[in-house]
Amino acid sequence: MPFVLKRFKLEEEPLAFVWLMRTFGVTQGEAQRIIDRGRLLCNGQPLPDKSARISGKVEVVIFEPESRGNVPIFTTPDFYLFDKPSGVLVHPKKMTTPYSMLDEVRHWGGQFANAAHRIDKETSGLLLASRHKAAERFLKGAFEHKAIQKSYRAWVTGRIDKAFSVDAPILLNQDYGPTKHKVFIDPKGKRAYTSFYPLRYDEHLDATLLECIPHTGRTHQIRIHLFHVKHPILGDPIYGTDYPTAEAYLEERLSPAQRRIHTGASRLMLHAYSVRFNYGADYYLISRNDFSAVTEEIGESGKRDFGSYSGWREEKRDDD
């Protein structure tokens, strides 16, 4: 477990944030965040004031990374590049999260290293991580200003022979009653634009491998755009399944066998394949994983009958 409890007995009365900085080698901002999150206890009580002094029995919950051998595939003095496995969070969701990519980032880069962007838990592929604070600011700013171009690979249902684009606005869902979708295609949403290029068709699976290039960065953009054109990603338990299946998945009641039956694969078949950007030099970096060959995670047949599924209704919401 990467979050561990450290216990101390203090005779002096140092300022809490100063003591954290000296004891754990963190910045003032990080020390204050530890206090804000209630991870510093003095005599059994969380501190009400960041400028308080501490003494006596002091307990600190601190993150100590535990590597599982996910070695960076590319390294510079400023950043690392990892190939994230499907099913692994980028950051721990809670203190009981047993493992996340932050374990690897901090294991290899130290306490000031950090992931520069997010990838959904079930999406595999490239993750950029900064090695120091200046690199973190640069990379996060580059992502925010769309100075980093990304491409993905996805296995989708059905045959696609020609390149196409989807320019359809995305709106965050505010009501999970009628559906478990996190986003919808809706004219009231923010503009979202994605280009798709067919790379390979597998006749046995009745599935197509696509290159996906998002020109905007909306939540679940690739997933909802492919669902919108009736070629959902194999293994997607939210977009393209019925309400009971999506609910069972979110409540962790959907077994791997049931998931293959209802979604066509044991995982979301989406992979972050490449990144292109400038950081003192031009970089074009691609994943080492051969996602085109990852068919053992797809069921006996990728075919799914969506003809009668009532979820094809993004153009007009129930509450419109």
# chains A, B, ... in the order shown; residues from 1 in each chain; ligands from 1
$ select_by_dssp --residues "stretch 11-207 of chain A" --states "strand (DSSP E or B)" --output "ChimeraX atom specification"
/A:15,40-42,45-46,53,56-63,74-75,79-84,114-115,124-130,149-157,164-167,170-172,183-185,190,193-202,207
$ closest_atom_pairs --of "stretch 186-221 of chain A" --to "stretch 234-258 of chain A" --cutoff "12 Å" --atoms "only C-alpha atoms" --output "JSON lines"
{"residue": "A:Leu205", "atom": "CA", "partner": "A:Leu234", "partner_atom": "CA", "distance": 10.3}
{"residue": "A:Asp206", "atom": "CA", "partner": "A:Leu234", "partner_atom": "CA", "distance": 10.7}
{"residue": "A:Ala207", "atom": "CA", "partner": "A:Leu234", "partner_atom": "CA", "distance": 8.2}
{"residue": "A:Thr208", "atom": "CA", "partner": "A:Leu234", "partner_atom": "CA", "distance": 9.8}
{"residue": "A:Leu209", "atom": "CA", "partner": "A:Leu234", "partner_atom": "CA", "distance": 10.3}
{"residue": "A:Leu210", "atom": "CA", "partner": "A:Leu234", "partner_atom": "CA", "distance": 11.7}
{"residue": "A:His220", "atom": "CA", "partner": "A:Tyr239", "partner_atom": "CA", "distance": 9.6}
{"residue": "A:Gln221", "atom": "CA", "partner": "A:Tyr239", "partner_atom": "CA", "distance": 11.3}
$ closest_residue --among "A:Tyr176, A:Tyr284, A:Phe277, A:Phe196" --to "A:Gly141" --atoms "only C-alpha atoms"
A:Phe277
$ atom_distance --atom1 "atom CA of A:Ala163" --atom2 "atom CA of A:Phe82"
29.2 Å
$ residues_around --residues "A:His117" --least-positions-apart "2" --cutoff "10 Å" --atoms "only C-alpha atoms" --output "count of residues only"
13
$ residues_around --residues "stretch 71-80 of chain A" --least-positions-apart "2" --cutoff "10 Å" --atoms "only C-alpha atoms" --output "number ranges by chain"
A: 67-69, 82-84, 104-105, 107-109, 113-116, 126-136, 138-139, 279, 285-288
$ write_last_selection --atoms "C-alpha atoms" --output "mmCIF file, in the first residue's frame"
data_model
loop_
_atom_site.group_PDB
_atom_site.id
_atom_site.type_symbol
_atom_site.label_atom_id
_atom_site.label_comp_id
_atom_site.auth_asym_id
_atom_site.auth_seq_id
_atom_site.Cartn_x
_atom_site.Cartn_y
_atom_site.Cartn_z
ATOM 1 C CA SER A 67 7.117 -0.099 -8.141
ATOM 2 C CA ARG A 68 5.753 -3.114 -9.996
ATOM 3 C CA GLY A 69 8.466 -2.981 -12.604
ATOM 4 C CA PHE A 82 5.517 5.152 -19.723
ATOM 5 C CA ASP A 83 3.304 2.544 -21.422
ATOM 6 C CA LYS A 84 0.390 2.326 -18.993
ATOM 7 C CA GLU A 104 6.099 4.227 -10.981
ATOM 8 C CA VAL A 105 6.446 7.953 -11.676
ATOM 9 C CA HIS A 107 9.738 5.489 -7.936
ATOM 10 C CA TRP A 108 11.752 6.440 -11.016
ATOM 11 C CA GLY A 109 11.639 10.219 -10.755
ATOM 12 C CA ALA A 113 7.971 13.831 -10.475
ATOM 13 C CA ASN A 114 4.341 13.806 -11.554
ATOM 14 C CA ALA A 115 2.043 12.621 -14.320
ATOM 15 C CA ALA A 116 1.519 15.461 -16.815
ATOM 16 C CA LEU A 126 1.420 6.400 -23.423
ATOM 17 C CA LEU A 127 1.686 8.493 -20.274
ATOM 18 C CA LEU A 128 4.004 11.506 -20.061
ATOM 19 C CA ALA A 129 5.449 12.312 -16.643
ATOM 20 C CA SER A 130 7.541 15.297 -15.617
ATOM 21 C CA ARG A 131 10.752 14.823 -13.663
ATOM 22 C CA HIS A 132 10.742 18.245 -11.964
ATOM 23 C CA LYS A 133 8.355 21.124 -11.284
ATOM 24 C CA ALA A 134 9.449 23.271 -14.239
ATOM 25 C CA ALA A 135 8.817 20.350 -16.602
ATOM 26 C CA GLU A 136 5.448 19.729 -14.952
ATOM 27 C CA PHE A 138 5.572 23.182 -19.182
ATOM 28 C CA LEU A 139 3.925 19.864 -20.052
ATOM 29 C CA TYR A 279 10.368 20.494 -25.744
ATOM 30 C CA LEU A 285 6.925 9.080 -29.560
ATOM 31 C CA ILE A 286 4.918 5.904 -30.095
ATOM 32 C CA SER A 287 3.846 3.031 -27.887
ATOM 33 C CA ARG A 288 5.879 -0.160 -27.934
#
$ residues_around --residues "A:Ser124" --least-positions-apart "6" --cutoff "6 Å" --atoms "only C-alpha atoms" --output "mmCIF file with N, CA and C atoms, in the first residue's frame"
data_model
loop_
_atom_site.group_PDB
_atom_site.id
_atom_site.type_symbol
_atom_site.label_atom_id
_atom_site.label_comp_id
_atom_site.auth_asym_id
_atom_site.auth_seq_id
_atom_site.Cartn_x
_atom_site.Cartn_y
_atom_site.Cartn_z
ATOM 1 N N LYS A 84 1.288 2.696 -20.091
ATOM 2 C CA LYS A 84 0.390 2.326 -18.993
ATOM 3 C C LYS A 84 -0.446 1.104 -19.352
ATOM 4 N N PRO A 85 -0.522 0.106 -18.490
ATOM 5 C CA PRO A 85 -1.414 -1.027 -18.750
ATOM 6 C C PRO A 85 -2.869 -0.631 -18.555
ATOM 7 N N SER A 86 -3.756 -1.324 -19.236
ATOM 8 C CA SER A 86 -5.185 -1.153 -18.979
ATOM 9 C C SER A 86 -5.497 -1.614 -17.561
ATOM 10 N N HIS A 271 -6.363 2.542 -26.895
ATOM 11 C CA HIS A 271 -4.942 2.590 -26.571
ATOM 12 C C HIS A 271 -4.352 3.926 -27.004
#
$ residues_around --residues "A:Tyr152" --least-positions-apart "5" --cutoff "8 Å" --atoms "only C-alpha atoms" --output "ChimeraX atom specification"
/A:211-213,270-274
$ residues_around --residues "stretch 96-100 of chain A" --least-positions-apart "5" --cutoff "8 Å" --atoms "only C-alpha atoms" --output "list in words"
Met1, Pro2, Phe3, Glu66, Val88, Leu89, Val90 and His91 of chain A
$ closest_residue --among "A:Thr194, A:Thr263, A:Gln111, A:Ser51" --to "A:Glu30" --atoms "only C-alpha atoms"
A:Gln111
$ closest_residue --among "A:Asp282, A:Asp202, A:Glu59, A:Asp161" --to "A:Leu10" --atoms "only C-alpha atoms"
A:Glu59
